[in-house]
Amino acid sequence: MNWISNYVRPKINSLFSRREMPENLWTKCPDCGTMLFHRELADNLNVCSNCDHHMAISPRDRFMTLFDNGIFTEVKVPEPPADPLQFKDQKRYPDRLKAAQKATGEKEAMLVAEGEMGRTPIVAVAQDFSFMAGSMGMYVGNALIAAAERAIKLKRPLVLFSAAGGARMQEGILSLMQMPRTTVAVQMLKEARLPYVVVLTHPTTGGVTASYAMLGDVQISEPNALICFAGPRVIEQTIREKLPEGFQRAEYLYDHGMLDRVTHRKHLRDELITILRMLMGQPPAVKGDLPAPAMVEPAATQG
């Protein structure tokens, strides 16, 4: 046995050979093309450090940065029928759901949670565009109703983060029925005199825009988000005219009175705290304040 060729040389080659890098360490900005290291991107709330492009962020990651110390409790959502129409296109509907669940790690396209934000108790609900384009089906309708009922029970404001491609075609008319259902849920909040604040993220389109996403007491959007019912390409093909620059983007809608604010994701939490405390008649939040301490039951006195 040649000790040098069999042991020493492979050891040296392993030290100097190029190591393969995992593919998920870098993300390419879809707007400017900059390669962003995944930890730096996460620390920057999925906002490009070069061009300020706001990339998608999952509901769970959003809630981790939204709630005090990242602590929140999920609100249970009633389960709808799994495949009410026995729908099948290129794949069976249950197969599509399983693929989306495996890819996202979530049960459905909407997550409901409760907790404190700047020591302000709230109920929050967020859509996940990566789950079948955040499409609105019966589960999404149930989730918003569950969130509204929970907010009314606890007398808390409701904050919604929308991101959707519209109604879910695999549920047909049952999906479209969620538009009036969710509108009723929003009306329940208004009758209870509780704030309902909507944060529109990219993209918010279709039946979601035509229902609960545009019914907030305060309408906020992240920068450059596409907000519309029908997309600009469809409109251009219909009217055969060139649309204005930035048409249906957040800044254009803000300039034309459709939105109250366009807010950077870094400043969104502080702005929501200020708005909600104002609407609830509470004093301004104290900067750097800690979450409210847990209540401890007093020890029973001995007789």
# chains A, B, ... in the order shown; residues from 1 in each chain; ligands from 1

call {"tool": "closest_atom_pairs", "arguments": {"of": "range 126-215 of chain A", "to": "range 277-289 of chain A", "cutoff": "8 Å", "atoms": "only C-alpha atoms", "output": "JSON lines"}}
result
{"residue": "A:Pro157", "atom": "CA", "partner": "A:Met280", "partner_atom": "CA", "distance": 8.0}
{"residue": "A:Leu194", "atom": "CA", "partner": "A:Met280", "partner_atom": "CA", "distance": 7.7}
{"residue": "A:Pro195", "atom": "CA", "partner": "A:Leu279", "partner_atom": "CA", "distance": 6.6}

call {"tool": "write_last_selection", "arguments": {"atoms": "all heavy atoms", "output": "mmCIF file, in the first residue's frame"}}
result
data_model
loop_
_atom_site.group_PDB
_atom_site.id
_atom_site.type_symbol
_atom_site.label_atom_id
_atom_site.label_comp_id
_atom_site.auth_asym_id
_atom_site.auth_seq_id
_atom_site.Cartn_x
_atom_site.Cartn_y
_atom_site.Cartn_z
ATOM 1 N N PRO A 157 -58.925 44.874 18.258
ATOM 2 C CA PRO A 157 -58.947 45.228 16.829
ATOM 3 C C PRO A 157 -58.465 44.061 15.979
ATOM 4 O O PRO A 157 -57.730 43.180 16.462
ATOM 5 C CB PRO A 157 -57.975 46.413 16.752
ATOM 6 C CG PRO A 157 -57.077 46.249 17.932
ATOM 7 C CD PRO A 157 -57.904 45.611 19.009
ATOM 8 N N LEU A 194 -65.187 47.991 16.675
ATOM 9 C CA LEU A 194 -63.795 47.573 16.783
ATOM 10 C C LEU A 194 -63.067 47.902 15.479
ATOM 11 O O LEU A 194 -63.615 47.704 14.392
ATOM 12 C CB LEU A 194 -63.713 46.065 17.053
ATOM 13 C CG LEU A 194 -64.220 45.605 18.418
ATOM 14 C CD1 LEU A 194 -64.313 44.082 18.455
ATOM 15 C CD2 LEU A 194 -63.322 46.116 19.537
ATOM 16 N N PRO A 195 -61.850 48.401 15.574
ATOM 17 C CA PRO A 195 -61.106 48.769 14.363
ATOM 18 C C PRO A 195 -60.773 47.559 13.502
ATOM 19 O O PRO A 195 -60.454 46.478 14.006
ATOM 20 C CB PRO A 195 -59.825 49.402 14.921
ATOM 21 C CG PRO A 195 -60.144 49.794 16.319
ATOM 22 C CD PRO A 195 -61.139 48.781 16.807
#

call {"tool": "select_by_dssp", "arguments": {"residues": "range 22-270 of chain A", "states": "strand (DSSP E or B)", "output": "PyMOL selection string"}}
result
chain A and resi 26-28+35-37+47+54+72-74+88+92+110-116+121-127+136+158-164+167+196-204+218-221+226-227+249+261-262

call {"tool": "residues_around", "arguments": {"residues": "range 160-170 of chain A", "least_positions_apart": "3", "cutoff": "7 Å", "atoms": "only C-alpha atoms", "output": "list in words"}}
result
Phe87, Tyr93, Ala124, Val125, Ala126, Gln127, Asp128, Phe129, Ala133, Gly134, Ser135, Met136, Gly137, Ser175, Leu176, Val197, Val198, Val199, Leu200, Thr201, His202, Pro203, Thr204, Thr205, Gly206, Gly207, Val208 and Ala213 of chain A

call {"tool": "closest_atom_pairs", "arguments": {"of": "range 42-161 of chain A", "to": "range 214-229 of chain A", "cutoff": "10 Å", "atoms": "only C-alpha atoms", "output": "CSV"}}
result
residue,atom,partner,partner_atom,distance
A:Asp52,CA,A:Pro223,CA,8.9
A:His53,CA,A:Pro223,CA,8.0
A:His54,CA,A:Pro223,CA,7.1
A:Met55,CA,A:Ala225,CA,9.9
A:Leu158,CA,A:Gly216,CA,9.6
A:Val159,CA,A:Gly216,CA,9.0
A:Leu160,CA,A:Gly216,CA,8.7
A:Phe161,CA,A:Ser221,CA,9.3

call {"tool": "select_by_dssp", "arguments": {"residues": "range 106-227 of chain A", "states": "alpha helix (DSSP H)", "output": "VMD selection string"}}
result
chain A and resid 138 to 154 172 to 176 178 to 191 206 to 209

call {"tool": "write_last_selection", "arguments": {"atoms": "N, CA and C atoms", "output": "short mmCIF file (atom, residue, chain, number, x, y, z; two decimals), in the first residue's frame"}}
result
data_model
loop_
_atom_site.label_atom_id
_atom_site.label_comp_id
_atom_site.auth_asym_id
_atom_site.auth_seq_id
_atom_site.Cartn_x
_atom_site.Cartn_y
_atom_site.Cartn_z
N MET A 138 -63.18 28.21 0.80
CA MET A 138 -64.02 28.17 2.00
C MET A 138 -63.19 28.28 3.28
N TYR A 139 -61.98 27.73 3.27
CA TYR A 139 -61.13 27.83 4.47
C TYR A 139 -60.79 29.29 4.75
N VAL A 140 -60.46 30.05 3.72
CA VAL A 140 -60.14 31.47 3.90
C VAL A 140 -61.34 32.23 4.45
N GLY A 141 -62.53 31.92 3.93
CA GLY A 141 -63.73 32.53 4.46
C GLY A 141 -63.94 32.18 5.93
N ASN A 142 -63.77 30.90 6.27
CA ASN A 142 -63.90 30.47 7.66
C ASN A 142 -62.86 31.15 8.55
N ALA A 143 -61.65 31.33 8.01
CA ALA A 143 -60.57 31.93 8.80
C ALA A 143 -60.89 33.38 9.14
N LEU A 144 -61.38 34.14 8.17
CA LEU A 144 -61.69 35.54 8.45
C LEU A 144 -62.86 35.66 9.41
N ILE A 145 -63.86 34.80 9.27
CA ILE A 145 -65.00 34.82 10.20
C ILE A 145 -64.53 34.43 11.61
N ALA A 146 -63.67 33.42 11.71
CA ALA A 146 -63.13 33.02 13.02
C ALA A 146 -62.33 34.16 13.64
N ALA A 147 -61.57 34.88 12.82
CA ALA A 147 -60.78 36.00 13.32
C ALA A 147 -61.69 37.12 13.82
N ALA A 148 -62.75 37.42 13.07
CA ALA A 148 -63.67 38.48 13.47
C ALA A 148 -64.40 38.11 14.76
N GLU A 149 -64.86 36.88 14.85
CA GLU A 149 -65.56 36.43 16.06
C GLU A 149 -64.64 36.46 17.27
N ARG A 150 -63.37 36.06 17.08
CA ARG A 150 -62.41 36.09 18.18
C ARG A 150 -62.13 37.52 18.62
N ALA A 151 -61.99 38.43 17.64
CA ALA A 151 -61.74 39.84 17.97
C ALA A 151 -62.91 40.44 18.74
N ILE A 152 -64.13 40.08 18.34
CA ILE A 152 -65.32 40.61 19.03
C ILE A 152 -65.40 40.04 20.45
N LYS A 153 -65.11 38.76 20.61
CA LYS A 153 -65.16 38.13 21.93
C LYS A 153 -64.16 38.76 22.89
N LEU A 154 -62.94 39.05 22.38
CA LEU A 154 -61.88 39.61 23.22
C LEU A 154 -61.87 41.14 23.22
N GLY A 172 -65.22 26.71 -7.18
CA GLY A 172 -66.31 27.28 -7.96
C GLY A 172 -67.14 28.31 -7.23
N ILE A 173 -68.47 28.16 -7.28
CA ILE A 173 -69.39 29.12 -6.69
C ILE A 173 -69.21 29.20 -5.17
N LEU A 174 -68.75 28.11 -4.56
CA LEU A 174 -68.53 28.11 -3.11
C LEU A 174 -67.42 29.09 -2.74
N SER A 175 -66.46 29.25 -3.63
CA SER A 175 -65.40 30.24 -3.41
C SER A 175 -65.96 31.66 -3.51
N LEU A 176 -66.78 31.90 -4.53
CA LEU A 176 -67.36 33.23 -4.71
C LEU A 176 -68.29 33.61 -3.55
N GLN A 178 -67.70 33.29 -0.57
CA GLN A 178 -66.93 33.83 0.55
C GLN A 178 -66.88 35.35 0.51
N MET A 179 -67.15 35.95 -0.63
CA MET A 179 -67.16 37.42 -0.71
C MET A 179 -68.25 38.01 0.19
N PRO A 180 -69.52 37.60 0.07
CA PRO A 180 -70.53 38.14 0.99
C PRO A 180 -70.33 37.66 2.43
N ARG A 181 -69.83 36.42 2.63
CA ARG A 181 -69.61 35.92 3.99
C ARG A 181 -68.59 36.79 4.73
N THR A 182 -67.47 37.08 4.06
CA THR A 182 -66.43 37.88 4.71
C THR A 182 -66.88 39.33 4.88
N THR A 183 -67.71 39.81 3.97
CA THR A 183 -68.24 41.17 4.12
C THR A 183 -69.12 41.27 5.37
N VAL A 184 -69.90 40.24 5.62
CA VAL A 184 -70.72 40.19 6.84
C VAL A 184 -69.82 40.17 8.08
N ALA A 185 -68.71 39.43 8.03
CA ALA A 185 -67.78 39.37 9.16
C ALA A 185 -67.20 40.75 9.46
N VAL A 186 -66.85 41.49 8.41
CA VAL A 186 -66.34 42.85 8.61
C VAL A 186 -67.41 43.75 9.21
N GLN A 187 -68.66 43.58 8.76
CA GLN A 187 -69.76 44.37 9.30
C GLN A 187 -69.97 44.07 10.78
N MET A 188 -69.76 42.83 11.19
CA MET A 188 -69.86 42.47 12.61
C MET A 188 -68.87 43.27 13.44
N LEU A 189 -67.65 43.45 12.92
CA LEU A 189 -66.64 44.24 13.61
C LEU A 189 -67.07 45.70 13.73
N LYS A 190 -67.62 46.23 12.66
CA LYS A 190 -68.05 47.62 12.68
C LYS A 190 -69.19 47.83 13.68
N GLU A 191 -70.12 46.88 13.74
CA GLU A 191 -71.22 46.99 14.70
C GLU A 191 -70.73 46.88 16.13
N GLY A 206 -58.44 40.30 -7.68
CA GLY A 206 -59.65 39.50 -7.84
C GLY A 206 -60.68 39.71 -6.75
N GLY A 207 -61.37 38.61 -6.40
CA GLY A 207 -62.47 38.67 -5.44
C GLY A 207 -62.07 39.10 -4.04
N VAL A 208 -60.79 38.93 -3.70
CA VAL A 208 -60.31 39.40 -2.40
C VAL A 208 -60.34 40.93 -2.35
N THR A 209 -59.87 41.56 -3.45
CA THR A 209 -59.93 43.02 -3.53
C THR A 209 -61.38 43.50 -3.56
#

call {"tool": "residues_around", "arguments": {"residues": "Gln86 in chain A", "least_positions_apart": "3", "cutoff": "12 Å", "atoms": "only C-alpha atoms", "output": "PDB file with C-alpha atoms, in the first residue's frame"}}
result
ATOM      1  CA  PRO A  81     -65.178  19.916   3.230  1.00  0.00           C
ATOM      2  CA  ALA A  82     -61.934  18.773   1.618  1.00  0.00           C
ATOM      3  CA  ASP A  83     -63.156  18.559  -1.996  1.00  0.00           C
ATOM      4  CA  ASP A  89     -58.146  19.552 -13.913  1.00  0.00           C
ATOM      5  CA  LYS A  91     -54.495  17.201 -11.002  1.00  0.00           C
ATOM      6  CA  ARG A  92     -57.093  16.294  -8.430  1.00  0.00           C
ATOM      7  CA  TYR A  93     -57.883  19.130  -6.020  1.00  0.00           C
ATOM      8  CA  PRO A  94     -56.801  17.132  -2.915  1.00  0.00           C
ATOM      9  CA  ASP A  95     -53.467  16.455  -4.621  1.00  0.00           C
ATOM     10  CA  GLN A 170     -61.390  24.496  -7.682  1.00  0.00           C
ATOM     11  CA  GLU A 171     -64.233  25.447  -5.333  1.00  0.00           C
ATOM     12  CA  GLY A 172     -66.310  27.280  -7.956  1.00  0.00           C
TER      13      GLY A 172
END

call {"tool": "residues_around", "arguments": {"residues": "Glu74 in chain A", "least_positions_apart": "5", "cutoff": "10 Å", "atoms": "only C-alpha atoms", "output": "list in words"}}
result
Arg60, Leu111, Val112, Ala113, Glu114, Gly115, Val123, Ala124 and Val125 of chain A

call {"tool": "closest_residue", "arguments": {"among": "A:Leu66, A:Leu85, A:Cys32, A:Ile275", "to": "Glu116 in chain A", "atoms": "only C-alpha atoms"}}
result
A:Leu66

call {"tool": "atom_distance", "arguments": {"atom1": "CA of Arg96 in chain A", "atom2": "CA of Pro80 in chain A"}}
result
15.9 Å

call {"tool": "residues_around", "arguments": {"residues": "Met64 in chain A", "least_positions_apart": "3", "cutoff": "12 Å", "atoms": "only C-alpha atoms", "output": "number ranges by chain"}}
result
A: 42-43, 45, 57-61, 67-73, 113-117, 124, 269

call {"tool": "write_last_selection", "arguments": {"atoms": "C-alpha atoms", "output": "compact mmCIF listing (two decimals), in the first residue's frame"}}
result
# COMPACT_ATOMS: atom_id res chain seq x y z
CA ALA A 42 -34.44 37.59 6.62
CA ASP A 43 -32.99 40.20 8.99
CA LEU A 45 -37.75 41.46 6.58
CA ILE A 57 -42.99 36.97 3.41
CA SER A 58 -44.87 34.04 4.93
CA PRO A 59 -47.64 34.75 7.49
CA ARG A 60 -45.71 32.92 10.21
CA ASP A 61 -42.52 34.93 9.59
CA PHE A 67 -45.99 40.41 17.79
CA ASP A 68 -44.01 41.31 20.91
CA ASN A 69 -41.04 38.95 21.25
CA GLY A 70 -42.50 36.90 18.37
CA ILE A 71 -45.04 35.34 20.75
CA PHE A 72 -48.52 34.60 19.41
CA THR A 73 -51.26 32.00 19.71
CA ALA A 113 -53.28 34.53 15.43
CA GLU A 114 -53.74 36.59 18.57
CA GLY A 115 -51.20 38.30 20.78
CA GLU A 116 -49.77 41.68 21.72
CA MET A 117 -48.13 44.24 19.46
CA ALA A 124 -54.23 39.28 13.15
CA ARG A 269 -45.31 47.61 13.00
